[in-house]
Amino acid sequence: MKQRTIGDTNVSAIGLGGMPMSIEGRPDERQAIATIHAALEAGVTLIDTADAYHLAAHDEVGHNEELIGRAVREYHGDASQVLIATKGGHLRPEPGAWAQNGHPEYLKEAAKASAKRLGVETIDLYQFHRPDPAVPYADSIGALAELLDEGVIRMAGISNADVDQIRLANEVLDGRLVSVQNQFSPAFRSSEAELELCDEMSIAFLPWSPLGGIAGAADLGSTYADFATVARDRGVTPQVIALAWELAKSDVVIPIPGASRPQSILNSVTAATVKLRPEDIARLDAAQAAAA
């Protein structure tokens, strides 16, 4: 598996997003664990989760963290190089509703709870999930700095951040910001400026929903004809081409496609072997969605 870097750690160029294994429509536990193990077998060493990846019920909080922690511990092979990234500060209190809590004391307690659910003493990578408009951003990031200093987390990142927040977070963390996890896909390109800044600052950029989300991933080829055309030329799926296109943006890009079936993640990891030609990249950069 091709490698890329988060902070001081090499990880697979394609990660695994855990969210689909814990929200509505999630598979049974046996299939979810088989998906995680298939990813590990294929060389995936980055798994992304969050305490908010669960059904909308209080007793479900951290479902995905517990699932991933257990699956990695039960893996029959060597999982010592697997980096599990989790997030805090985003809540799902009821169906259809999301909320934020960026208060420093909450984030510090949430991180400790996440470590317990993952079954680790120190979280590899902890990311502030989403800015809380009720709390100054610097105060929220200050909690990550304290968690780093206390050894609760080994590396710190942010998610759903704009350019100014990236710069501020790195300043508050005294240059220790290692990752930015923003939405980016053929359907959602408004984080291009953040990606370019991460490239400039040598900070890992982790596109979430890199295939357009659960609802859009299956239709990527019919929605974006140019991705389908390049895929046919290469004998792969449009989804693989989308991930390869993102990888070609910069060496700091590490897509984290979600999966709930082994076949899905096994298809995704093949993107790390696809080298697009400059003319392919230009075509994909200019690709537009088909008219409705």
# chains A, B, ... in the order shown; residues from 1 in each chain; ligands from 1
>>> residues_around(residues="Ile214 in chain A", least_positions_apart="5", cutoff="8 Å", atoms="only C-alpha atoms", output="PDB file with N, CA and C atoms, in the first residue's frame")
ATOM      1  N   PRO A  20     -20.393   4.674   8.249  1.00  0.00           N
ATOM      2  CA  PRO A  20     -21.515   3.861   7.754  1.00  0.00           C
ATOM      3  C   PRO A  20     -21.771   2.593   8.560  1.00  0.00           C
ATOM      4  N   SER A 209     -16.323  11.984   3.143  1.00  0.00           N
ATOM      5  CA  SER A 209     -17.253  11.770   2.028  1.00  0.00           C
ATOM      6  C   SER A 209     -16.562  12.009   0.694  1.00  0.00           C
ATOM      7  N   GLY A 258     -15.894   5.973   3.392  1.00  0.00           N
ATOM      8  CA  GLY A 258     -16.649   5.123   4.300  1.00  0.00           C
ATOM      9  C   GLY A 258     -16.989   3.806   3.636  1.00  0.00           C
TER      10      GLY A 258
END
>>> residues_around(residues="Thr229 in chain A", least_positions_apart="6", cutoff="12 Å", atoms="only C-alpha atoms", output="VMD selection string")
chain A and resid 220 to 223 235 to 239 241 to 242 280 283 to 284 287
>>> closest_residue(among="A:Ile256, A:Ala143, A:Val230, A:Ile265", to="Ala282 in chain A", atoms="only C-alpha atoms")
A:Val230
>>> select_by_dssp(residues="range 78-219 of chain A", states="strand (DSSP E or B)", output="PyMOL selection string")
chain A and resi 83-88+90-94+97-100+123-128+153-159+177-181+183+185+188+204-205+208
>>> write_last_selection(atoms="N, CA and C atoms", output="mmCIF file, in the first residue's frame")
data_model
loop_
_atom_site.group_PDB
_atom_site.id
_atom_site.type_symbol
_atom_site.label_atom_id
_atom_site.label_comp_id
_atom_site.auth_asym_id
_atom_site.auth_seq_id
_atom_site.Cartn_x
_atom_site.Cartn_y
_atom_site.Cartn_z
ATOM 1 N N LEU A 83 -3.260 3.398 12.809
ATOM 2 C CA LEU A 83 -3.560 4.662 13.474
ATOM 3 C C LEU A 83 -5.071 4.851 13.463
ATOM 4 N N ILE A 84 -5.654 4.945 14.641
ATOM 5 C CA ILE A 84 -7.089 5.212 14.754
ATOM 6 C C ILE A 84 -7.269 6.683 15.098
ATOM 7 N N ALA A 85 -7.967 7.393 14.227
ATOM 8 C CA ALA A 85 -8.259 8.809 14.434
ATOM 9 C C ALA A 85 -9.704 8.950 14.874
ATOM 10 N N THR A 86 -9.934 9.685 15.945
ATOM 11 C CA THR A 86 -11.305 9.937 16.365
ATOM 12 C C THR A 86 -11.520 11.427 16.558
ATOM 13 N N LYS A 87 -12.771 11.800 16.819
ATOM 14 C CA LYS A 87 -13.141 13.213 16.890
ATOM 15 C C LYS A 87 -14.124 13.448 18.024
ATOM 16 N N GLY A 88 -14.159 14.696 18.504
ATOM 17 C CA GLY A 88 -15.101 15.078 19.533
ATOM 18 C C GLY A 88 -15.568 16.504 19.332
ATOM 19 N N HIS A 90 -18.888 17.146 18.339
ATOM 20 C CA HIS A 90 -20.108 17.081 17.539
ATOM 21 C C HIS A 90 -21.016 16.050 18.200
ATOM 22 N N LEU A 91 -22.279 16.391 18.369
ATOM 23 C CA LEU A 91 -23.196 15.523 19.088
ATOM 24 C C LEU A 91 -24.413 15.204 18.241
ATOM 25 N N ARG A 92 -25.011 14.059 18.531
ATOM 26 C CA ARG A 92 -26.230 13.647 17.844
ATOM 27 C C ARG A 92 -27.285 13.317 18.903
ATOM 28 N N PRO A 93 -27.949 14.325 19.446
ATOM 29 C CA PRO A 93 -28.836 14.101 20.588
ATOM 30 C C PRO A 93 -30.170 13.440 20.261
ATOM 31 N N GLU A 94 -30.625 13.572 19.005
ATOM 32 C CA GLU A 94 -31.919 12.986 18.634
ATOM 33 C C GLU A 94 -31.970 12.820 17.123
ATOM 34 N N ALA A 97 -31.154 15.502 14.223
ATOM 35 C CA ALA A 97 -30.578 16.698 14.850
ATOM 36 C C ALA A 97 -29.103 16.491 15.158
ATOM 37 N N TRP A 98 -28.309 17.530 14.927
ATOM 38 C CA TRP A 98 -26.902 17.538 15.302
ATOM 39 C C TRP A 98 -26.646 18.784 16.137
ATOM 40 N N ALA A 99 -25.672 18.727 16.987
ATOM 41 C CA ALA A 99 -25.331 19.871 17.827
ATOM 42 C C ALA A 99 -23.829 19.910 18.016
ATOM 43 N N GLN A 100 -23.342 21.014 18.541
ATOM 44 C CA GLN A 100 -21.915 21.161 18.806
ATOM 45 C C GLN A 100 -21.687 21.467 20.287
ATOM 46 N N ILE A 123 -4.769 8.361 22.624
ATOM 47 C CA ILE A 123 -5.387 8.381 21.300
ATOM 48 C C ILE A 123 -4.343 8.834 20.274
ATOM 49 N N ASP A 124 -4.232 8.092 19.185
ATOM 50 C CA ASP A 124 -3.245 8.430 18.156
ATOM 51 C C ASP A 124 -3.476 9.830 17.589
ATOM 52 N N LEU A 125 -4.704 10.091 17.157
ATOM 53 C CA LEU A 125 -5.047 11.374 16.546
ATOM 54 C C LEU A 125 -6.444 11.762 16.994
ATOM 55 N N TYR A 126 -6.545 12.917 17.648
ATOM 56 C CA TYR A 126 -7.837 13.417 18.115
ATOM 57 C C TYR A 126 -8.105 14.732 17.406
ATOM 58 N N GLN A 127 -9.298 14.844 16.817
ATOM 59 C CA GLN A 127 -9.639 16.009 16.014
ATOM 60 C C GLN A 127 -10.892 16.704 16.558
ATOM 61 N N PHE A 128 -10.854 18.028 16.630
ATOM 62 C CA PHE A 128 -12.030 18.809 16.990
ATOM 63 C C PHE A 128 -13.003 18.713 15.824
ATOM 64 N N ILE A 153 -3.700 12.503 24.228
ATOM 65 C CA ILE A 153 -3.666 12.309 22.778
ATOM 66 C C ILE A 153 -2.229 12.503 22.291
ATOM 67 N N ARG A 154 -1.885 11.813 21.193
ATOM 68 C CA ARG A 154 -0.523 11.905 20.658
ATOM 69 C C ARG A 154 -0.413 12.974 19.588
ATOM 70 N N MET A 155 -1.480 13.161 18.810
ATOM 71 C CA MET A 155 -1.497 14.167 17.757
ATOM 72 C C MET A 155 -2.864 14.843 17.744
ATOM 73 N N ALA A 156 -2.905 16.074 17.230
ATOM 74 C CA ALA A 156 -4.138 16.852 17.219
ATOM 75 C C ALA A 156 -4.475 17.327 15.814
ATOM 76 N N GLY A 157 -5.781 17.316 15.508
ATOM 77 C CA GLY A 157 -6.262 17.797 14.223
ATOM 78 C C GLY A 157 -7.576 18.521 14.382
ATOM 79 N N ILE A 158 -8.093 19.025 13.273
ATOM 80 C CA ILE A 158 -9.374 19.719 13.263
ATOM 81 C C ILE A 158 -10.182 19.237 12.072
ATOM 82 N N SER A 159 -11.481 19.483 12.117
ATOM 83 C CA SER A 159 -12.375 19.049 11.048
ATOM 84 C C SER A 159 -13.375 20.156 10.750
ATOM 85 N N LEU A 177 -0.392 21.250 14.787
ATOM 86 C CA LEU A 177 -1.552 20.779 14.033
ATOM 87 C C LEU A 177 -1.082 19.826 12.936
ATOM 88 N N VAL A 178 -1.632 18.604 12.913
ATOM 89 C CA VAL A 178 -1.150 17.619 11.937
ATOM 90 C C VAL A 178 -2.177 17.251 10.880
ATOM 91 N N SER A 179 -3.461 17.588 11.082
ATOM 92 C CA SER A 179 -4.462 17.145 10.103
ATOM 93 C C SER A 179 -5.652 18.089 10.058
ATOM 94 N N VAL A 180 -6.260 18.129 8.867
ATOM 95 C CA VAL A 180 -7.512 18.841 8.650
ATOM 96 C C VAL A 180 -8.438 17.880 7.919
ATOM 97 N N GLN A 181 -9.595 17.639 8.476
ATOM 98 C CA GLN A 181 -10.553 16.706 7.869
ATOM 99 C C GLN A 181 -11.771 17.504 7.408
ATOM 100 N N GLN A 183 -14.856 18.084 4.147
ATOM 101 C CA GLN A 183 -15.556 17.445 3.040
ATOM 102 C C GLN A 183 -14.906 17.852 1.722
ATOM 103 N N SER A 185 -14.903 16.218 -2.541
ATOM 104 C CA SER A 185 -15.267 15.162 -3.489
ATOM 105 C C SER A 185 -15.556 15.815 -4.831
ATOM 106 N N PHE A 188 -18.272 18.141 -4.087
ATOM 107 C CA PHE A 188 -18.079 19.187 -3.079
ATOM 108 C C PHE A 188 -16.623 19.633 -3.132
ATOM 109 N N ALA A 204 -1.613 17.095 6.889
ATOM 110 C CA ALA A 204 -2.439 16.100 6.204
ATOM 111 C C ALA A 204 -3.854 16.627 5.987
ATOM 112 N N PHE A 205 -4.377 16.408 4.794
ATOM 113 C CA PHE A 205 -5.749 16.801 4.460
ATOM 114 C C PHE A 205 -6.541 15.527 4.221
ATOM 115 N N TRP A 208 -13.399 13.930 3.884
ATOM 116 C CA TRP A 208 -14.491 13.047 4.298
ATOM 117 C C TRP A 208 -15.577 13.078 3.224
#
>>> closest_residue(among="A:Gly69, A:Gly15, A:Pro278, A:Gly89", to="Ala52 in chain A", atoms="only C-alpha atoms")
A:Gly89
>>> closest_residue(among="A:Ala56, A:Ala50, A:Val82, A:Ala231", to="Ala113 in chain A", atoms="only C-alpha atoms")
A:Ala50
>>> residues_around(residues="range 253-255 of chain A", least_positions_apart="6", cutoff="8 Å", atoms="only C-alpha atoms", output="VMD selection string")
chain A and resid 4 12 to 15 195 204 to 208 210 243 246 to 247
>>> write_last_selection(atoms="C-alpha atoms", output="PDB file, in the first residue's frame")
ATOM      1  CA  ARG A   4       1.453   9.083   3.204  1.00  0.00           C
ATOM      2  CA  SER A  12      -1.853   4.081   4.065  1.00  0.00           C
ATOM      3  CA  ALA A  13      -2.714   6.516   1.275  1.00  0.00           C
ATOM      4  CA  ILE A  14      -6.341   5.376   1.525  1.00  0.00           C
ATOM      5  CA  GLY A  15      -7.995   5.199   4.926  1.00  0.00           C
ATOM      6  CA  LEU A 195      -6.457  21.704   0.758  1.00  0.00           C
ATOM      7  CA  ALA A 204      -2.439  16.100   6.204  1.00  0.00           C
ATOM      8  CA  PHE A 205      -5.749  16.801   4.460  1.00  0.00           C
ATOM      9  CA  LEU A 206      -8.320  14.037   5.013  1.00  0.00           C
ATOM     10  CA  PRO A 207     -11.316  14.340   2.671  1.00  0.00           C
ATOM     11  CA  TRP A 208     -14.491  13.047   4.298  1.00  0.00           C
ATOM     12  CA  PRO A 210     -14.631  11.652  -0.761  1.00  0.00           C
ATOM     13  CA  LEU A 243     -10.071   8.741  -5.079  1.00  0.00           C
ATOM     14  CA  GLU A 246      -7.963  13.372  -4.922  1.00  0.00           C
ATOM     15  CA  LEU A 247      -4.637  11.650  -4.248  1.00  0.00           C
TER      16      LEU A 247
END
>>> select_by_dssp(residues="range 45-216 of chain A", states="helix (DSSP H, G or I)", output="number ranges by chain")
A: 58-60, 63-74, 104-118, 137-150, 163-172, 192-201, 213-216
>>> closest_residue(among="A:Ala187, A:Ala225, A:Leu118, A:Leu168", to="Leu211 in chain A", atoms="only C-alpha atoms")
A:Ala187
>>> residues_around(residues="His54 in chain A", least_positions_apart="3", cutoff="9 Å", atoms="only C-alpha atoms", output="list in words")
Met19, Met21, Ser22, Ile23, Glu24, Ala50, Asp51, Ala57, Glu60, Val61, Gly62, His63, Asn64 and Arg92 of chain A
>>> atom_distance(atom1="CA of Gln3 in chain A", atom2="CA of Asn160 in chain A")
24.1 Å
>>> residues_around(residues="Ile36 in chain A", least_positions_apart="3", cutoff="10 Å", atoms="only C-alpha atoms", output="PDB file with N, CA, C and O atoms, in the first residue's frame")
ATOM      1  N   LEU A  16      -9.899   4.199   6.003  1.00  0.00           N
ATOM      2  CA  LEU A  16     -11.250   3.636   6.111  1.00  0.00           C
ATOM      3  C   LEU A  16     -12.078   4.544   7.005  1.00  0.00           C
ATOM      4  O   LEU A  16     -11.706   4.802   8.155  1.00  0.00           O
ATOM      5  N   GLY A  17     -13.196   5.015   6.486  1.00  0.00           N
ATOM      6  CA  GLY A  17     -14.137   5.791   7.280  1.00  0.00           C
ATOM      7  C   GLY A  17     -15.160   4.875   7.925  1.00  0.00           C
ATOM      8  O   GLY A  17     -15.829   4.096   7.244  1.00  0.00           O
ATOM      9  N   GLY A  18     -15.292   4.978   9.241  1.00  0.00           N
ATOM     10  CA  GLY A  18     -16.141   4.038   9.966  1.00  0.00           C
ATOM     11  C   GLY A  18     -17.594   4.411  10.086  1.00  0.00           C
ATOM     12  O   GLY A  18     -18.417   3.579  10.480  1.00  0.00           O
ATOM     13  N   MET A  21     -20.797   2.182   9.361  1.00  0.00           N
ATOM     14  CA  MET A  21     -20.978   0.959  10.142  1.00  0.00           C
ATOM     15  C   MET A  21     -21.730   1.176  11.448  1.00  0.00           C
ATOM     16  O   MET A  21     -21.993   0.220  12.175  1.00  0.00           O
ATOM     17  N   GLN A  31     -20.635  -8.345   9.790  1.00  0.00           N
ATOM     18  CA  GLN A  31     -20.232  -7.740   8.521  1.00  0.00           C
ATOM     19  C   GLN A  31     -19.343  -6.527   8.754  1.00  0.00           C
ATOM     20  O   GLN A  31     -18.371  -6.303   8.015  1.00  0.00           O
ATOM     21  N   ALA A  32     -19.653  -5.732   9.763  1.00  0.00           N
ATOM     22  CA  ALA A  32     -18.841  -4.552  10.057  1.00  0.00           C
ATOM     23  C   ALA A  32     -17.407  -4.954  10.403  1.00  0.00           C
ATOM     24  O   ALA A  32     -16.441  -4.371   9.894  1.00  0.00           O
ATOM     25  N   ILE A  33     -17.265  -5.945  11.256  1.00  0.00           N
ATOM     26  CA  ILE A  33     -15.925  -6.390  11.643  1.00  0.00           C
ATOM     27  C   ILE A  33     -15.197  -6.994  10.444  1.00  0.00           C
ATOM     28  O   ILE A  33     -13.995  -6.778  10.263  1.00  0.00           O
ATOM     29  N   ALA A  39     -10.069  -4.352   5.340  1.00  0.00           N
ATOM     30  CA  ALA A  39      -9.243  -3.164   5.148  1.00  0.00           C
ATOM     31  C   ALA A  39      -7.832  -3.391   5.672  1.00  0.00           C
ATOM     32  O   ALA A  39      -6.842  -3.061   5.003  1.00  0.00           O
ATOM     33  N   LEU A  40      -7.727  -3.968   6.858  1.00  0.00           N
ATOM     34  CA  LEU A  40      -6.407  -4.231   7.435  1.00  0.00           C
ATOM     35  C   LEU A  40      -5.620  -5.209   6.573  1.00  0.00           C
ATOM     36  O   LEU A  40      -4.415  -5.030   6.355  1.00  0.00           O
ATOM     37  N   GLU A  41      -6.282  -6.236   6.078  1.00  0.00           N
ATOM     38  CA  GLU A  41      -5.621  -7.210   5.195  1.00  0.00           C
ATOM     39  C   GLU A  41      -5.088  -6.536   3.941  1.00  0.00           C
ATOM     40  O   GLU A  41      -4.041  -6.930   3.404  1.00  0.00           O
ATOM     41  N   ALA A  42      -5.809  -5.520   3.460  1.00  0.00           N
ATOM     42  CA  ALA A  42      -5.413  -4.831   2.228  1.00  0.00           C
ATOM     43  C   ALA A  42      -4.333  -3.786   2.465  1.00  0.00           C
ATOM     44  O   ALA A  42      -3.895  -3.137   1.508  1.00  0.00           O
ATOM     45  N   VAL A  44      -4.586  -1.160   4.803  1.00  0.00           N
ATOM     46  CA  VAL A  44      -5.075   0.096   5.367  1.00  0.00           C
ATOM     47  C   VAL A  44      -4.557   0.226   6.797  1.00  0.00           C
ATOM     48  O   VAL A  44      -4.732  -0.679   7.613  1.00  0.00           O
ATOM     49  N   ILE A  47      -7.735   4.409  10.229  1.00  0.00           N
ATOM     50  CA  ILE A  47      -9.174   4.229  10.391  1.00  0.00           C
ATOM     51  C   ILE A  47      -9.731   5.460  11.086  1.00  0.00           C
ATOM     52  O   ILE A  47      -9.225   5.877  12.132  1.00  0.00           O
ATOM     53  N   LEU A  67     -16.735  -0.349  18.334  1.00  0.00           N
ATOM     54  CA  LEU A  67     -16.685  -1.357  17.269  1.00  0.00           C
ATOM     55  C   LEU A  67     -15.294  -1.438  16.659  1.00  0.00           C
ATOM     56  O   LEU A  67     -14.719  -2.526  16.514  1.00  0.00           O
ATOM     57  N   ILE A  68     -14.726  -0.297  16.309  1.00  0.00           N
ATOM     58  CA  ILE A  68     -13.410  -0.279  15.671  1.00  0.00           C
ATOM     59  C   ILE A  68     -12.328  -0.732  16.641  1.00  0.00           C
ATOM     60  O   ILE A  68     -11.439  -1.524  16.284  1.00  0.00           O
ATOM     61  N   ALA A  71     -12.600  -4.497  16.876  1.00  0.00           N
ATOM     62  CA  ALA A  71     -12.199  -5.180  15.645  1.00  0.00           C
ATOM     63  C   ALA A  71     -10.691  -5.173  15.466  1.00  0.00           C
ATOM     64  O   ALA A  71     -10.105  -6.178  15.038  1.00  0.00           O
ATOM     65  N   VAL A  72     -10.038  -4.062  15.785  1.00  0.00           N
ATOM     66  CA  VAL A  72      -8.582  -3.990  15.646  1.00  0.00           C
ATOM     67  C   VAL A  72      -7.904  -4.917  16.650  1.00  0.00           C
ATOM     68  O   VAL A  72      -6.936  -5.617  16.330  1.00  0.00           O
ATOM     69  N   TYR A  75      -8.148  -8.545  15.456  1.00  0.00           N
ATOM     70  CA  TYR A  75      -7.535  -8.866  14.165  1.00  0.00           C
ATOM     71  C   TYR A  75      -6.421  -9.882  14.351  1.00  0.00           C
ATOM     72  O   TYR A  75      -5.589  -9.761  15.253  1.00  0.00           O
ATOM     73  N   ALA A 259     -17.167   2.779   4.451  1.00  0.00           N
ATOM     74  CA  ALA A 259     -17.526   1.464   3.917  1.00  0.00           C
ATOM     75  C   ALA A 259     -18.275   0.681   4.984  1.00  0.00           C
ATOM     76  O   ALA A 259     -18.033   0.855   6.180  1.00  0.00           O
ATOM     77  N   SER A 260     -19.181  -0.161   4.537  1.00  0.00           N
ATOM     78  CA  SER A 260     -19.858  -1.085   5.450  1.00  0.00           C
ATOM     79  C   SER A 260     -19.840  -2.497   4.895  1.00  0.00           C
ATOM     80  O   SER A 260     -20.430  -3.403   5.464  1.00  0.00           O
ATOM     81  N   ARG A 261     -19.144  -2.680   3.752  1.00  0.00           N
ATOM     82  CA  ARG A 261     -18.974  -4.004   3.145  1.00  0.00           C
ATOM     83  C   ARG A 261     -17.511  -4.184   2.767  1.00  0.00           C
ATOM     84  O   ARG A 261     -16.866  -3.234   2.304  1.00  0.00           O
ATOM     85  N   PRO A 262     -16.967  -5.373   2.925  1.00  0.00           N
ATOM     86  CA  PRO A 262     -15.573  -5.601   2.513  1.00  0.00           C
ATOM     87  C   PRO A 262     -15.315  -5.217   1.065  1.00  0.00           C
ATOM     88  O   PRO A 262     -14.276  -4.629   0.747  1.00  0.00           O
ATOM     89  N   ILE A 265     -14.443  -1.321   0.534  1.00  0.00           N
ATOM     90  CA  ILE A 265     -13.119  -0.824   0.889  1.00  0.00           C
ATOM     91  C   ILE A 265     -12.048  -1.477   0.016  1.00  0.00           C
ATOM     92  O   ILE A 265     -11.050  -0.834  -0.333  1.00  0.00           O
TER      93      ILE A 265
END
>>> atom_distance(atom1="CA of Cys198 in chain A", atom2="CA of Glu65 in chain A")
26.7 Å
>>> closest_residue(among="A:Thr5, A:Ser140, A:Ser80, A:Ser114", to="Asn101 in chain A", atoms="only C-alpha atoms")
A:Ser140
>>> atom_distance(atom1="CA of Leu148 in chain A", atom2="CA of Asn170 in chain A")
13.2 Å
>>> closest_residue(among="A:Leu147, A:Ile6, A:Ala244, A:Val269", to="Ser202 in chain A", atoms="only C-alpha atoms")
A:Ile6
>>> residues_around(residues="Tyr224 in chain A", least_positions_apart="6", cutoff="7 Å", atoms="only C-alpha atoms", output="list in words")
Ala287, Gln288, Ala289 and Ala290 of chain A
>>> decode(residues="range 283-291 of chain A", atoms="all heavy atoms", output="PDB file, in the first residue's frame")
ATOM      1  N   ARG A 283      -9.010  17.008 -17.094  1.00  0.00           N
ATOM      2  CA  ARG A 283     -10.395  16.695 -17.459  1.00  0.00           C
ATOM      3  C   ARG A 283     -11.263  16.550 -16.219  1.00  0.00           C
ATOM      4  O   ARG A 283     -12.387  17.054 -16.164  1.00  0.00           O
ATOM      5  CB  ARG A 283     -10.417  15.409 -18.277  1.00  0.00           C
ATOM      6  CG  ARG A 283     -11.806  14.978 -18.716  1.00  0.00           C
ATOM      7  CD  ARG A 283     -11.748  13.776 -19.631  1.00  0.00           C
ATOM      8  NE  ARG A 283     -13.057  13.506 -20.215  1.00  0.00           N
ATOM      9  CZ  ARG A 283     -13.268  12.631 -21.190  1.00  0.00           C
ATOM     10  NH1 ARG A 283     -12.248  11.936 -21.693  1.00  0.00           N
ATOM     11  NH2 ARG A 283     -14.474  12.453 -21.665  1.00  0.00           N
ATOM     12  N   LEU A 284     -10.743  15.891 -15.207  1.00  0.00           N
ATOM     13  CA  LEU A 284     -11.510  15.669 -13.988  1.00  0.00           C
ATOM     14  C   LEU A 284     -11.678  16.965 -13.205  1.00  0.00           C
ATOM     15  O   LEU A 284     -12.713  17.201 -12.586  1.00  0.00           O
ATOM     16  CB  LEU A 284     -10.851  14.591 -13.144  1.00  0.00           C
ATOM     17  CG  LEU A 284     -10.745  13.221 -13.812  1.00  0.00           C
ATOM     18  CD1 LEU A 284      -9.922  12.261 -12.950  1.00  0.00           C
ATOM     19  CD2 LEU A 284     -12.124  12.643 -14.098  1.00  0.00           C
ATOM     20  N   ASP A 285     -10.633  17.794 -13.213  1.00  0.00           N
ATOM     21  CA  ASP A 285     -10.747  19.091 -12.545  1.00  0.00           C
ATOM     22  C   ASP A 285     -11.893  19.918 -13.135  1.00  0.00           C
ATOM     23  O   ASP A 285     -12.554  20.684 -12.430  1.00  0.00           O
ATOM     24  CB  ASP A 285      -9.437  19.887 -12.692  1.00  0.00           C
ATOM     25  CG  ASP A 285      -8.357  19.410 -11.736  1.00  0.00           C
ATOM     26  OD1 ASP A 285      -8.677  18.688 -10.771  1.00  0.00           O
ATOM     27  OD2 ASP A 285      -7.174  19.747 -11.978  1.00  0.00           O
ATOM     28  N   ALA A 286     -12.090  19.774 -14.454  1.00  0.00           N
ATOM     29  CA  ALA A 286     -13.102  20.573 -15.136  1.00  0.00           C
ATOM     30  C   ALA A 286     -14.465  19.882 -15.194  1.00  0.00           C
ATOM     31  O   ALA A 286     -15.430  20.465 -15.706  1.00  0.00           O
ATOM     32  CB  ALA A 286     -12.630  20.877 -16.558  1.00  0.00           C
ATOM     33  N   ALA A 287     -14.557  18.673 -14.692  1.00  0.00           N
ATOM     34  CA  ALA A 287     -15.794  17.891 -14.814  1.00  0.00           C
ATOM     35  C   ALA A 287     -16.961  18.581 -14.110  1.00  0.00           C
ATOM     36  O   ALA A 287     -16.820  19.134 -13.030  1.00  0.00           O
ATOM     37  CB  ALA A 287     -15.579  16.498 -14.232  1.00  0.00           C
ATOM     38  N   GLN A 288     -18.102  18.538 -14.763  1.00  0.00           N
ATOM     39  CA  GLN A 288     -19.320  19.110 -14.207  1.00  0.00           C
ATOM     40  C   GLN A 288     -20.371  18.020 -14.033  1.00  0.00           C
ATOM     41  O   GLN A 288     -20.387  17.034 -14.770  1.00  0.00           O
ATOM     42  CB  GLN A 288     -19.876  20.201 -15.144  1.00  0.00           C
ATOM     43  CG  GLN A 288     -18.929  21.365 -15.381  1.00  0.00           C
ATOM     44  CD  GLN A 288     -18.737  22.200 -14.137  1.00  0.00           C
ATOM     45  OE1 GLN A 288     -19.701  22.479 -13.417  1.00  0.00           O
ATOM     46  NE2 GLN A 288     -17.501  22.618 -13.875  1.00  0.00           N
ATOM     47  N   ALA A 289     -21.250  18.228 -13.059  1.00  0.00           N
ATOM     48  CA  ALA A 289     -22.329  17.279 -12.850  1.00  0.00           C
ATOM     49  C   ALA A 289     -23.284  17.313 -14.040  1.00  0.00           C
ATOM     50  O   ALA A 289     -23.495  18.371 -14.664  1.00  0.00           O
ATOM     51  CB  ALA A 289     -23.089  17.598 -11.559  1.00  0.00           C
ATOM     52  N   ALA A 290     -23.867  16.156 -14.353  1.00  0.00           N
ATOM     53  CA  ALA A 290     -24.843  16.091 -15.439  1.00  0.00           C
ATOM     54  C   ALA A 290     -26.059  16.921 -15.064  1.00  0.00           C
ATOM     55  O   ALA A 290     -26.448  17.032 -13.905  1.00  0.00           O
ATOM     56  CB  ALA A 290     -25.254  14.648 -15.683  1.00  0.00           C
ATOM     57  N   ALA A 291     -26.688  17.518 -16.091  1.00  0.00           N
ATOM     58  CA  ALA A 291     -27.884  18.318 -15.837  1.00  0.00           C
ATOM     59  C   ALA A 291     -29.004  17.431 -15.307  1.00  0.00           C
ATOM     60  O   ALA A 291     -29.178  16.294 -15.740  1.00  0.00           O
ATOM     61  CB  ALA A 291     -28.313  18.993 -17.144  1.00  0.00           C
TER      62      ALA A 291
END
